[in-house]
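As stored in model05.txt (compact mmCIF, C-alpha atoms):
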```txt
# COMPACT_ATOMS: atom_id res chain seq x y z
CA MET Z 166 5.88 -42.48 0.56
CA LYS Z 167 2.50 -40.73 0.56
CA ILE Z 168 1.44 -37.72 -1.46
CA LEU Z 169 -0.83 -35.36 0.47
CA THR Z 170 -3.02 -32.92 -1.38
CA VAL Z 171 -3.20 -29.68 0.57
CA GLU Z 172 -4.60 -26.89 -1.67
CA GLU Z 173 -5.07 -24.50 1.24
CA HIS Z 174 -4.06 -20.88 1.03
CA ILE Z 175 -0.85 -20.29 2.93
CA LEU Z 176 -2.38 -17.22 4.50
CA SER Z 177 -5.52 -19.05 5.65
CA SER Z 178 -4.62 -18.60 9.33
CA ASN Z 179 -4.23 -14.87 8.76
CA GLU Z 180 -7.53 -14.71 6.90
CA GLU Z 181 -9.30 -16.56 9.72
CA GLN Z 182 -7.94 -14.15 12.31
CA ALA Z 183 -8.82 -11.18 10.07
CA LYS Z 184 -12.42 -12.42 9.98
CA LYS Z 185 -12.44 -12.62 13.80
CA ASN Z 186 -11.10 -9.07 14.04
CA ASN Z 187 -13.72 -7.88 11.58
CA ASP Z 188 -16.54 -9.58 13.52
CA ARG Z 189 -15.31 -8.01 16.72
CA LEU Z 190 -15.17 -4.54 15.18
CA ASN Z 191 -18.68 -5.00 13.77
CA GLU Z 192 -20.03 -6.02 17.16
CA HIS Z 193 -18.86 -2.67 18.47
CA GLY Z 194 -19.93 -0.68 15.40
CA ILE Z 195 -16.39 0.46 14.67
CA LEU Z 196 -15.19 1.33 11.16
CA ALA Z 197 -11.58 0.20 10.69
CA ILE Z 198 -9.26 1.68 8.07
CA ASN Z 199 -6.01 0.01 6.99
CA MET Z 200 -3.80 2.88 5.85
CA MET Z 201 -0.90 1.89 3.62
CA SER Z 202 1.83 3.78 1.80
CA SER Z 203 5.56 4.06 1.24
CA PRO Z 204 7.60 5.45 4.12
CA GLY Z 205 7.32 9.23 4.19
CA ALA Z 206 4.16 9.57 2.12
CA GLY Z 207 2.45 11.31 5.04
CA LYS Z 208 0.38 8.65 6.82
CA THR Z 209 1.03 10.04 10.28
CA SER Z 210 0.42 13.63 9.13
CA LEU Z 211 -2.87 12.53 7.59
CA ILE Z 212 -3.87 10.71 10.76
CA LEU Z 213 -3.09 13.79 12.87
CA ARG Z 214 -5.10 15.96 10.47
CA THR Z 215 -7.96 13.47 10.58
CA ILE Z 216 -7.97 13.44 14.37
CA SER Z 217 -8.02 17.25 14.48
CA GLY Z 218 -10.78 17.42 11.89
CA LEU Z 219 -13.07 14.70 13.20
CA LYS Z 220 -12.42 14.14 16.90
CA THR Z 221 -15.38 16.25 17.98
CA LYS Z 222 -17.70 14.14 15.80
CA PHE Z 223 -16.27 10.65 16.27
CA ARG Z 224 -14.43 8.66 18.90
CA ILE Z 225 -11.15 7.70 17.22
CA ALA Z 226 -8.31 5.31 18.08
CA VAL Z 227 -5.11 4.57 16.23
CA ILE Z 228 -2.87 1.51 15.89
CA GLU Z 229 0.61 2.50 14.76
CA GLY Z 230 2.72 -0.10 12.96
CA ASP Z 231 6.43 0.59 12.63
CA ILE Z 232 9.52 -1.53 12.49
CA ALA Z 233 10.91 0.39 15.46
CA SER Z 234 10.35 3.44 17.71
CA THR Z 235 7.32 5.09 19.32
CA LEU Z 236 7.71 8.38 17.43
CA ASP Z 237 4.36 8.15 15.64
CA ALA Z 238 2.42 6.97 18.68
CA ASP Z 239 3.91 9.83 20.71
CA LYS Z 240 2.56 12.33 18.18
CA VAL Z 241 -0.91 10.77 18.20
CA ASN Z 242 -0.84 10.55 21.98
CA GLN Z 243 -0.60 14.31 22.23
CA HIS Z 244 -4.18 14.46 20.97
CA GLY Z 245 -5.36 12.44 23.95
CA ILE Z 246 -6.89 9.59 22.01
CA PRO Z 247 -6.21 5.86 22.49
CA VAL Z 248 -3.16 4.72 20.55
CA ILE Z 249 -1.30 1.41 20.44
CA GLN Z 250 2.21 1.29 19.01
CA ILE Z 251 3.23 -2.02 17.44
CA ASN Z 252 6.91 -2.52 16.70
CA THR Z 253 7.20 -5.30 14.17
CA ALA Z 254 11.02 -5.60 14.53
CA SER Z 255 12.00 -7.49 11.39
CA SER Z 256 8.57 -7.74 9.80
CA CYS Z 257 7.70 -5.41 6.92
CA HIS Z 258 3.92 -5.45 7.46
CA LEU Z 259 1.21 -5.87 10.08
CA ASP Z 260 -0.80 -9.09 10.21
CA ALA Z 261 -4.20 -10.01 11.61
CA HIS Z 262 -2.88 -11.72 14.74
CA ILE Z 263 -0.82 -8.75 15.86
CA VAL Z 264 -3.76 -6.41 15.24
CA GLY Z 265 -6.04 -8.79 17.16
CA LYS Z 266 -3.78 -8.42 20.19
CA ALA Z 267 -3.84 -4.64 19.83
CA LEU Z 268 -7.67 -4.74 19.82
CA ASP Z 269 -7.50 -6.42 23.25
CA ASN Z 270 -5.94 -3.23 24.57
CA LEU Z 271 -8.33 -0.69 23.06
CA PRO Z 272 -11.60 0.57 24.63
CA LEU Z 273 -13.77 -0.92 21.88
CA ASN Z 274 -17.03 0.10 23.56
CA ASP Z 275 -16.06 3.75 23.22
CA LEU Z 276 -14.94 3.96 19.58
CA ASP Z 277 -16.43 4.83 16.18
CA LEU Z 278 -13.31 4.85 14.02
CA LEU Z 279 -10.07 2.86 14.18
CA ILE Z 280 -7.22 3.90 11.92
CA VAL Z 281 -4.45 1.33 11.51
CA GLU Z 282 -1.26 2.84 10.16
CA ASN Z 283 0.54 -0.03 8.47
CA VAL Z 284 4.31 -0.29 8.13
CA GLY Z 285 5.58 2.03 5.39
CA ASN Z 286 5.92 -0.29 2.38
CA LEU Z 287 4.09 -0.48 -0.96
CA VAL Z 288 4.54 -4.23 -1.37
CA CYS Z 289 3.97 -6.52 1.61
CA PRO Z 290 1.08 -4.93 3.55
CA ALA Z 291 -1.18 -5.51 0.53
CA GLU Z 292 -1.01 -9.26 1.07
CA PHE Z 293 -2.27 -9.33 4.64
CA SER Z 294 -5.84 -8.57 5.65
CA LEU Z 295 -6.12 -7.19 9.16
CA GLY Z 296 -9.90 -7.38 9.49
CA GLU Z 297 -10.36 -3.81 8.29
CA HIS Z 298 -13.41 -2.54 6.44
CA LYS Z 299 -11.55 -0.29 4.02
CA LYS Z 300 -8.06 -0.17 2.58
CA VAL Z 301 -6.75 3.33 1.96
CA ILE Z 302 -3.57 3.97 0.03
CA LEU Z 303 -1.69 7.18 0.33
CA LEU Z 304 0.78 8.19 -2.34
CA SER Z 305 2.76 11.42 -2.22
CA THR Z 306 3.57 13.29 -5.40
CA PRO Z 307 7.39 13.21 -4.98
CA GLU Z 308 7.26 9.40 -5.20
CA GLY Z 309 6.34 9.67 -8.88
CA HIS Z 310 3.29 8.92 -11.00
CA ASP Z 311 4.55 5.47 -12.08
CA LYS Z 312 3.81 3.70 -8.79
CA PRO Z 313 0.53 2.00 -9.82
CA TYR Z 314 2.41 0.42 -12.72
CA LYS Z 315 5.26 -0.77 -10.49
CA TYR Z 316 3.25 -1.91 -7.46
CA PRO Z 317 -0.03 -3.11 -8.98
CA LEU Z 318 -1.24 -5.40 -6.19
CA MET Z 319 -1.44 -2.58 -3.67
CA PHE Z 320 -3.55 -0.47 -6.01
CA THR Z 321 -5.88 -3.30 -7.06
CA LYS Z 322 -6.91 -3.69 -3.43
CA ALA Z 323 -7.58 -0.03 -2.54
CA ASP Z 324 -11.00 1.34 -1.65
CA ALA Z 325 -9.56 4.84 -1.81
CA VAL Z 326 -6.31 6.29 -3.13
CA LEU Z 327 -5.25 9.60 -1.62
CA ILE Z 328 -2.65 11.66 -3.45
CA ASN Z 329 -0.80 13.73 -0.85
CA LYS Z 330 1.55 16.70 -1.15
CA VAL Z 331 -0.30 18.20 -4.12
CA ASP Z 332 1.07 21.58 -2.96
CA LEU Z 333 4.41 20.41 -4.45
CA LEU Z 334 2.99 19.85 -7.95
CA PRO Z 335 4.31 23.13 -9.42
CA HIS Z 336 7.84 22.12 -8.43
CA ILE Z 337 8.05 18.48 -9.52
CA ASP Z 338 7.46 16.31 -12.59
CA PHE Z 339 4.43 14.41 -11.33
CA ASP Z 340 2.02 13.65 -14.17
CA MET Z 341 -1.36 13.52 -12.44
CA SER Z 342 -3.28 12.25 -15.46
CA ALA Z 343 -0.80 9.37 -15.97
CA PHE Z 344 -1.14 8.49 -12.30
CA LEU Z 345 -4.95 8.59 -12.31
CA GLN Z 346 -5.01 6.56 -15.51
CA GLY Z 347 -2.68 3.99 -13.94
CA VAL Z 348 -4.88 3.60 -10.88
CA SER Z 349 -8.13 3.44 -12.82
CA ALA Z 350 -6.66 0.83 -15.18
CA LEU Z 351 -6.02 -1.41 -12.18
CA ASN Z 352 -8.99 -0.51 -10.05
CA SER Z 353 -11.75 1.60 -11.50
CA ASP Z 354 -13.77 1.33 -8.28
CA ALA Z 355 -11.26 3.14 -6.05
CA ASP Z 356 -12.14 6.67 -4.99
CA LEU Z 357 -9.37 9.16 -5.81
CA ILE Z 358 -8.84 12.15 -3.54
CA GLN Z 359 -6.13 14.78 -3.93
CA ILE Z 360 -4.95 16.31 -0.67
CA SER Z 361 -2.21 18.29 1.01
CA CYS Z 362 -1.67 17.64 4.69
CA LYS Z 363 0.54 20.73 4.68
CA THR Z 364 -2.01 23.24 3.37
CA GLY Z 365 -5.19 21.32 4.20
CA ASP Z 366 -6.37 21.27 0.57
CA GLY Z 367 -8.76 18.43 -0.19
CA LEU Z 368 -9.02 17.23 3.40
CA ASP Z 369 -12.72 18.14 3.50
CA LYS Z 370 -13.27 15.55 0.74
CA TRP Z 371 -11.35 12.93 2.73
CA PHE Z 372 -13.37 13.70 5.86
CA SER Z 373 -16.62 13.41 3.87
CA TRP Z 374 -15.46 10.06 2.47
CA LEU Z 375 -14.75 8.76 5.98
CA GLU Z 376 -18.00 10.15 7.41
CA ALA Z 377 -20.00 8.41 4.69
CA LYS Z 378 -18.32 5.09 5.50
CA ILE Z 379 -18.82 5.50 9.25
CA ALA Z 380 -22.51 6.27 8.69
CA LYS Z 381 -23.07 2.96 6.85
CA MET T 34 10.12 -8.92 0.61
CA HIS T 35 8.06 -10.87 3.09
CA GLU T 36 9.40 -14.31 2.21
CA GLY T 37 10.48 -14.98 5.81
CA PHE T 38 6.93 -14.62 7.07
CA ILE T 39 5.43 -16.56 4.16
CA THR T 40 7.97 -19.38 4.65
CA LYS T 41 7.08 -19.65 8.33
CA LEU T 42 3.45 -20.13 7.30
CA ILE T 43 4.37 -22.68 4.61
CA LEU T 44 6.37 -24.68 7.13
CA ALA T 45 3.63 -24.50 9.77
CA LYS T 46 1.00 -25.66 7.28
CA ALA T 47 3.25 -28.49 6.01
CA LEU T 48 4.00 -29.72 9.56
CA GLU T 49 0.31 -29.58 10.46
CA LYS T 50 -0.72 -31.60 7.39
CA ALA T 51 2.09 -34.13 7.87
CA ALA T 52 1.08 -34.66 11.52
CA GLU T 53 -2.54 -35.24 10.49
CA ALA T 54 -1.35 -37.95 8.07
CA ASP T 55 1.00 -39.51 10.64
CA GLY T 56 4.00 -38.64 8.46
CA LYS T 57 7.46 -39.08 9.95
CA ARG T 58 9.34 -37.08 7.38
CA ILE T 59 8.47 -34.51 4.71
CA THR T 60 10.52 -35.01 1.57
CA LYS T 61 8.97 -32.58 -0.90
CA ILE T 62 6.60 -29.60 -0.87
CA SER T 63 5.05 -28.25 -4.08
CA ILE T 64 4.09 -24.61 -3.81
CA VAL T 65 2.02 -22.45 -6.15
CA PHE T 66 2.51 -18.68 -6.36
CA GLY T 67 0.59 -16.36 -8.67
CA ASP T 68 2.59 -13.87 -10.72
CA MET T 69 0.85 -11.08 -8.80
CA TYR T 70 2.33 -12.39 -5.60
CA GLY T 71 5.54 -10.62 -4.70
CA VAL T 72 7.55 -13.66 -3.61
CA VAL T 73 11.02 -14.66 -4.79
CA ASP T 74 11.47 -18.44 -4.88
CA HIS T 75 15.10 -18.63 -3.84
CA PHE T 76 14.46 -16.45 -0.77
CA VAL T 77 11.76 -18.92 0.27
CA GLU T 78 14.28 -21.75 -0.13
CA TYR T 79 16.84 -19.83 1.91
CA TYR T 80 14.42 -19.22 4.78
CA PHE T 81 13.02 -22.73 4.58
CA LYS T 82 16.44 -24.26 5.08
CA ALA T 83 16.95 -22.23 8.24
CA LEU T 84 13.45 -22.52 9.67
CA SER T 85 12.98 -26.25 9.04
CA LYS T 86 16.14 -27.30 10.91
CA GLY T 87 15.30 -29.82 13.61
CA THR T 88 11.79 -30.46 12.25
CA ILE T 89 10.52 -33.38 10.16
CA ALA T 90 10.68 -31.06 7.15
CA GLU T 91 14.44 -30.59 7.37
CA GLY T 92 16.00 -31.50 4.03
CA ALA T 93 12.70 -31.40 2.13
CA SER T 94 12.94 -30.14 -1.42
CA LEU T 95 10.69 -27.31 -2.55
CA SER T 96 9.22 -26.96 -6.00
CA PHE T 97 7.50 -23.84 -7.28
CA ARG T 98 4.84 -23.40 -9.91
CA ARG T 99 3.86 -19.95 -11.15
CA THR T 100 0.38 -19.10 -12.35
CA PRO T 101 0.00 -16.19 -14.77
CA ILE T 102 -2.19 -13.16 -14.16
CA GLU T 103 -5.47 -13.79 -15.93
CA LEU T 104 -8.23 -11.20 -16.08
CA ARG T 105 -11.81 -11.32 -17.31
CA CYS T 106 -13.17 -8.07 -18.70
CA ARG T 107 -16.35 -7.04 -16.90
CA ASN T 108 -17.54 -5.27 -20.01
CA CYS T 109 -17.15 -7.83 -22.81
CA GLY T 110 -16.13 -11.01 -20.96
CA HIS T 111 -12.81 -11.33 -22.80
CA VAL T 112 -10.16 -13.28 -20.83
CA TYR T 113 -6.61 -11.95 -21.14
CA THR T 114 -3.17 -11.71 -19.55
CA PRO T 115 -2.06 -8.09 -19.28
CA GLU T 116 1.15 -7.24 -21.07
CA HIS T 117 3.61 -4.40 -20.66
CA LEU T 118 1.88 -2.94 -17.61
CA ASP T 119 -1.27 -2.35 -19.62
CA TRP T 120 -4.30 -3.77 -17.85
CA THR T 121 -6.79 -2.47 -20.38
CA CYS T 122 -8.93 -5.09 -22.15
CA PRO T 123 -7.32 -5.63 -25.58
CA ASN T 124 -10.74 -6.44 -27.04
CA CYS T 125 -12.95 -3.50 -25.95
CA ARG T 126 -10.47 -1.17 -24.18
CA ALA T 127 -12.53 -1.26 -20.93
CA ARG T 128 -10.70 -1.08 -17.64
CA LYS T 129 -13.01 -3.06 -15.44
CA PHE T 130 -11.96 -6.60 -14.79
CA GLU T 131 -12.04 -9.41 -12.30
CA MET T 132 -8.88 -11.33 -11.56
CA LEU T 133 -9.25 -15.03 -12.39
CA SER T 134 -5.74 -16.04 -11.45
CA GLY T 135 -2.42 -14.59 -10.41
CA ARG T 136 -3.04 -14.28 -6.66
CA GLU T 137 -2.45 -17.94 -5.73
CA CYS T 138 -0.34 -18.71 -2.70
CA HIS T 139 -0.76 -22.27 -1.51
CA ILE T 140 0.82 -25.67 -1.06
CA ALA T 141 -0.51 -27.87 -3.88
CA ASN T 142 0.74 -31.13 -2.40
CA MET T 143 3.57 -32.64 -0.43
CA GLU T 144 5.34 -35.98 -0.12
CA VAL T 145 5.70 -37.58 3.29
CA GLU T 146 7.21 -40.83 4.50
```
How does the structure come out when it is put into structure tokens?
Amino acid sequence: MKILTVEEHILSSNEEQAKKNNDRLNEHGILAINMMSSPGAGKTSLILRTISGLKTKFRIAVIEGDIASTLDADKVNQHGIPVIQINTASSCHLDAHIVGKALDNLPLNDLDLLIVENVGNLVCPAEFSLGEHKKVILLSTPEGHDKPYKYPLMFTKADAVLINKVDLLPHIDFDMSAFLQGVSALNSDADLIQISCKTGDGLDKWFSWLEAKIAK
Amino acid sequence: MHEGFITKLILAKALEKAAEADGKRITKISIVFGDMYGVVDHFVEYYFKALSKGTIAEGASLSFRRTPIELRCRNCGHVYTPEHLDWTCPNCRARKFEMLSGRECHIANMEVE
């Protein structure tokens, strides 16, 4: 019997592929955003708003990750921009290899911004780098202000946290200060932006955030 | 929630390392997960049993070690484990920290024959 010392991260193959994806995106000067949230927080609505708001300034593409269906990709497709739908079947997150394959099918020479909509889930996507430059978390007010306390890993990794559906605040018991405190306790570097994809409130701040990152 | 995927990677890594060492059979794999890592041990065992069938890792036992979340305050340098969902530094009340441990996810060692 032999004892082998391994001490290698189990996700090392994912990390290696994520680095390759990142290098590839950098070669083409593309900013990639990994957008994560629970199901129904408004990722697709935000992406559609972002396309409408920025498509005259930037060349945008979208990778849609869902367990099943092409519903989201169909919506994005109506805007006439490149979109790849990934159906993960049983998997609850995207990984770097699957995103790498999607990159093969995008016109990388003609893009400034790639938005990857991860599978709706506040747990698993946080563990898997895709090669993105920024992680953006979207939380909608009906989900409750306790989410940073319950799903800490996701919030520790965010570059920006967007709070969506703020138009519902008068009707629900969402404690904004408790939420903001929860996020800043975990990750004081994350930018916090309050938005409503329904009314358009706060989207100008989100667009400015993205524009500043694309410019870098 | 993603134990199936993680277990596939554990098995692949174990088979790769065993092949490098000319091992004919894997009898034990010791795995380390940080407390921050959302993995449930018995789900990993469940998936491992199914995925390892017909490989040299079939029948291997798995052992798990958990590492606690440990933070170092970026303000005063105090090292602490957060309690009761409160990540604030108990020494200076700052909320800026670096994570020293709690995110581990690796095979520490394995036994092969």
Residue contacts of Cys122 of chain T (10 Å, only C-alpha atoms) excluding same-chain residues fewer than 6 positions away, as a VMD selection string: (chain Z and resid 350) or (chain T and resid 104 to 115 128 to 130)
Take the residues just selected and output them with C-alpha atoms as a compact mmCIF listing (two decimals), in the coordinates of the input.
```
# COMPACT_ATOMS: atom_id res chain seq x y z
CA ALA Z 350 -6.66 0.83 -15.18
CA LEU T 104 -8.23 -11.20 -16.08
CA ARG T 105 -11.81 -11.32 -17.31
CA CYS T 106 -13.17 -8.07 -18.70
CA ARG T 107 -16.35 -7.04 -16.90
CA ASN T 108 -17.54 -5.27 -20.01
CA CYS T 109 -17.15 -7.83 -22.81
CA GLY T 110 -16.13 -11.01 -20.96
CA HIS T 111 -12.81 -11.33 -22.80
CA VAL T 112 -10.16 -13.28 -20.83
CA TYR T 113 -6.61 -11.95 -21.14
CA THR T 114 -3.17 -11.71 -19.55
CA PRO T 115 -2.06 -8.09 -19.28
CA ARG T 128 -10.70 -1.08 -17.64
CA LYS T 129 -13.01 -3.06 -15.44
CA PHE T 130 -11.96 -6.60 -14.79
```
Proximity to chain T - best of Z:Tyr314, Z:Phe320, Z:Trp371, Z:Phe344, all atoms listed in the file: Z:Tyr314
8 Å contacts from chain T to chain Z using all atoms listed in the file, as a VMD selection string: chain T and resid 34 to 35 38 to 39 42 to 43 46 50 69 to 71 118 to 121 128 to 129 137 to 146
Pick from Z:Ser361, Z:Ser217, Z:Ser342, Z:Ser202, whichever lies nearest to Val284 of chain Z using all atoms listed in the file: Z:Ser202
For segment 358-360 of chain Z: contacts at 10 Å, only C-alpha atoms, fewer than 6 positions along chain excluded, given as a ChimeraX atom specification: /Z:211,303-306,325-332,341,366-371,374
Could the residues in this selection be written to a file with C-alpha atoms, as an mmCIF file, keeping the file's coordinate frame?
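Okay, this is what ended up in result.cif:
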```
data_model
loop_
_atom_site.group_PDB
_atom_site.id
_atom_site.type_symbol
_atom_site.label_atom_id
_atom_site.label_comp_id
_atom_site.auth_asym_id
_atom_site.auth_seq_id
_atom_site.Cartn_x
_atom_site.Cartn_y
_atom_site.Cartn_z
ATOM 1 C CA LEU Z 211 -2.870 12.530 7.590
ATOM 2 C CA LEU Z 303 -1.690 7.180 0.330
ATOM 3 C CA LEU Z 304 0.780 8.190 -2.340
ATOM 4 C CA SER Z 305 2.760 11.420 -2.220
ATOM 5 C CA THR Z 306 3.570 13.290 -5.400
ATOM 6 C CA ALA Z 325 -9.560 4.840 -1.810
ATOM 7 C CA VAL Z 326 -6.310 6.290 -3.130
ATOM 8 C CA LEU Z 327 -5.250 9.600 -1.620
ATOM 9 C CA ILE Z 328 -2.650 11.660 -3.450
ATOM 10 C CA ASN Z 329 -0.800 13.730 -0.850
ATOM 11 C CA LYS Z 330 1.550 16.700 -1.150
ATOM 12 C CA VAL Z 331 -0.300 18.200 -4.120
ATOM 13 C CA ASP Z 332 1.070 21.580 -2.960
ATOM 14 C CA MET Z 341 -1.360 13.520 -12.440
ATOM 15 C CA ASP Z 366 -6.370 21.270 0.570
ATOM 16 C CA GLY Z 367 -8.760 18.430 -0.190
ATOM 17 C CA LEU Z 368 -9.020 17.230 3.400
ATOM 18 C CA ASP Z 369 -12.720 18.140 3.500
ATOM 19 C CA LYS Z 370 -13.270 15.550 0.740
ATOM 20 C CA TRP Z 371 -11.350 12.930 2.730
ATOM 21 C CA TRP Z 374 -15.460 10.060 2.470
#
```
All residues 9 Å or closer to Leu196 of chain Z, all atoms listed in the file, same chain fewer than 5 positions away omitted, as a PyMOL selection string: chain Z and resi 190-191+276-280+297-299+378-379
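With distances taken from (-7.4, -14.4, 10.7) and restricted to only C-alpha atoms, the residues inside 9 Å are Z:Leu176, Z:Ser177, Z:Ser178, Z:Asn179, Z:Glu180, Z:Glu181, Z:Gln182, Z:Ala183, Z:Lys184, Z:Lys185, Z:Asn186, Z:Asp260, Z:Ala261, Z:His262, Z:Gly265, Z:Ser294, Z:Leu295, Z:Gly296.
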Best match for closeness to Met132 of chain T among T:Ile102, T:Ala93, T:Ala51, T:Ile59, counting all atoms listed in the file: T:Ile102
Selection near Asp338 of chain Z, 9 Å with all atoms listed in the file, sequence-local residues under 2 positions removed, as a compact mmCIF listing (two decimals) with C-alpha atoms, keeping the file's coordinate frame:
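The new file part39.txt reads:
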```txt
# COMPACT_ATOMS: atom_id res chain seq x y z
CA THR Z 306 3.57 13.29 -5.40
CA PRO Z 307 7.39 13.21 -4.98
CA GLY Z 309 6.34 9.67 -8.88
CA HIS Z 310 3.29 8.92 -11.00
CA LEU Z 334 2.99 19.85 -7.95
CA PRO Z 335 4.31 23.13 -9.42
CA HIS Z 336 7.84 22.12 -8.43
CA ASP Z 340 2.02 13.65 -14.17
```
Atomic separation - atom CA of Glu53 of chain T relative to atom CA of Ala90 of chain T, Å: 14.3 Å
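If only C-alpha atoms are the atoms counted, then among T:Lys57, T:Lys41, T:Arg126, T:Arg99 the closest residue to Leu84 of chain T is T:Lys41.
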Within 7 Å of file point (-2.7, -15.3, -10.8), counting only C-alpha atoms, expressed as a count of residues only: 12
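Interatomic distance, atom CA of Cys362 of chain Z to atom CA of Phe223 of chain Z: 19.9 Å.
Atom pair atom CA of Lys381 of chain Z / atom CA of Ile195 of chain Z: separated by 10.6 Å.
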Residue neighbourhood Lys82 of chain T, 10 Å, all atoms listed in the file, exclusion window fewer than 2 positions, as a PyMOL selection string: chain T and resi 40+76-80+84-86+90-94
Can I get the selected residues back with C-alpha atoms, as a PDB file, in the frame of the given file?
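Saved as out_10.pdb:
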```pdb
ATOM      1  CA  THR T  40       7.970 -19.380   4.650  1.00  0.00           C
ATOM      2  CA  PHE T  76      14.460 -16.450  -0.770  1.00  0.00           C
ATOM      3  CA  VAL T  77      11.760 -18.920   0.270  1.00  0.00           C
ATOM      4  CA  GLU T  78      14.280 -21.750  -0.130  1.00  0.00           C
ATOM      5  CA  TYR T  79      16.840 -19.830   1.910  1.00  0.00           C
ATOM      6  CA  TYR T  80      14.420 -19.220   4.780  1.00  0.00           C
ATOM      7  CA  LEU T  84      13.450 -22.520   9.670  1.00  0.00           C
ATOM      8  CA  SER T  85      12.980 -26.250   9.040  1.00  0.00           C
ATOM      9  CA  LYS T  86      16.140 -27.300  10.910  1.00  0.00           C
ATOM     10  CA  ALA T  90      10.680 -31.060   7.150  1.00  0.00           C
ATOM     11  CA  GLU T  91      14.440 -30.590   7.370  1.00  0.00           C
ATOM     12  CA  GLY T  92      16.000 -31.500   4.030  1.00  0.00           C
ATOM     13  CA  ALA T  93      12.700 -31.400   2.130  1.00  0.00           C
ATOM     14  CA  SER T  94      12.940 -30.140  -1.420  1.00  0.00           C
TER      15      SER T  94
END
```
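Of the listed residues Z:Ile249, Z:Ile263, Z:Leu287, Z:Leu375, the one whose atoms come nearest to Gly205 of chain Z is Z:Leu287, with distances taken using all atoms listed in the file.
If you measure from each of T:Ile89, T:Cys125, T:Val65, T:Leu95 to Ala45 of chain T using all atoms listed in the file, the closest one turns out to be T:Ile89.
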For segment 285-297 of chain Z, which lacks atoms in the input, supply N, CA, C and O atoms and format the output as a short mmCIF file (atom, residue, chain, number, x, y, z; two decimals), in the coordinates of the input.
```
data_model
loop_
_atom_site.label_atom_id
_atom_site.label_comp_id
_atom_site.auth_asym_id
_atom_site.auth_seq_id
_atom_site.Cartn_x
_atom_site.Cartn_y
_atom_site.Cartn_z
N GLY Z 285 5.35 1.35 6.66
CA GLY Z 285 5.58 2.03 5.39
C GLY Z 285 6.23 1.10 4.37
O GLY Z 285 7.38 0.70 4.52
N ASN Z 286 5.47 0.73 3.32
CA ASN Z 286 5.92 -0.29 2.38
C ASN Z 286 4.81 -0.46 1.34
O ASN Z 286 3.66 -0.67 1.71
N LEU Z 287 5.14 -0.37 0.08
CA LEU Z 287 4.09 -0.48 -0.96
C LEU Z 287 3.90 -1.91 -1.47
O LEU Z 287 3.15 -2.13 -2.39
N VAL Z 288 4.62 -2.86 -0.87
CA VAL Z 288 4.54 -4.23 -1.37
C VAL Z 288 3.79 -5.14 -0.38
O VAL Z 288 2.66 -5.53 -0.60
N CYS Z 289 4.44 -5.44 0.73
CA CYS Z 289 3.97 -6.52 1.61
C CYS Z 289 2.63 -6.28 2.29
O CYS Z 289 1.83 -7.21 2.38
N PRO Z 290 2.34 -5.07 2.81
CA PRO Z 290 1.08 -4.93 3.55
C PRO Z 290 -0.14 -5.30 2.72
O PRO Z 290 -1.16 -5.72 3.26
N ALA Z 291 -0.03 -5.20 1.38
CA ALA Z 291 -1.18 -5.51 0.53
C ALA Z 291 -1.61 -6.96 0.65
O ALA Z 291 -2.76 -7.30 0.38
N GLU Z 292 -0.71 -7.83 1.03
CA GLU Z 292 -1.01 -9.26 1.07
C GLU Z 292 -1.78 -9.70 2.31
O GLU Z 292 -2.32 -10.79 2.34
N PHE Z 293 -1.77 -8.87 3.35
CA PHE Z 293 -2.27 -9.33 4.64
C PHE Z 293 -3.49 -8.54 5.11
O PHE Z 293 -3.38 -7.37 5.48
N SER Z 294 -4.64 -9.19 5.10
CA SER Z 294 -5.84 -8.57 5.65
C SER Z 294 -5.69 -8.45 7.16
O SER Z 294 -5.12 -9.34 7.80
N LEU Z 295 -6.21 -7.39 7.70
CA LEU Z 295 -6.12 -7.19 9.16
C LEU Z 295 -7.49 -7.33 9.81
O LEU Z 295 -7.59 -7.33 11.03
N GLY Z 296 -8.53 -7.38 8.97
CA GLY Z 296 -9.90 -7.38 9.49
C GLY Z 296 -10.53 -6.02 9.30
O GLY Z 296 -11.61 -5.73 9.81
N GLU Z 297 -9.86 -5.16 8.53
CA GLU Z 297 -10.36 -3.81 8.29
C GLU Z 297 -11.58 -3.82 7.38
O GLU Z 297 -11.84 -4.81 6.69
#
```
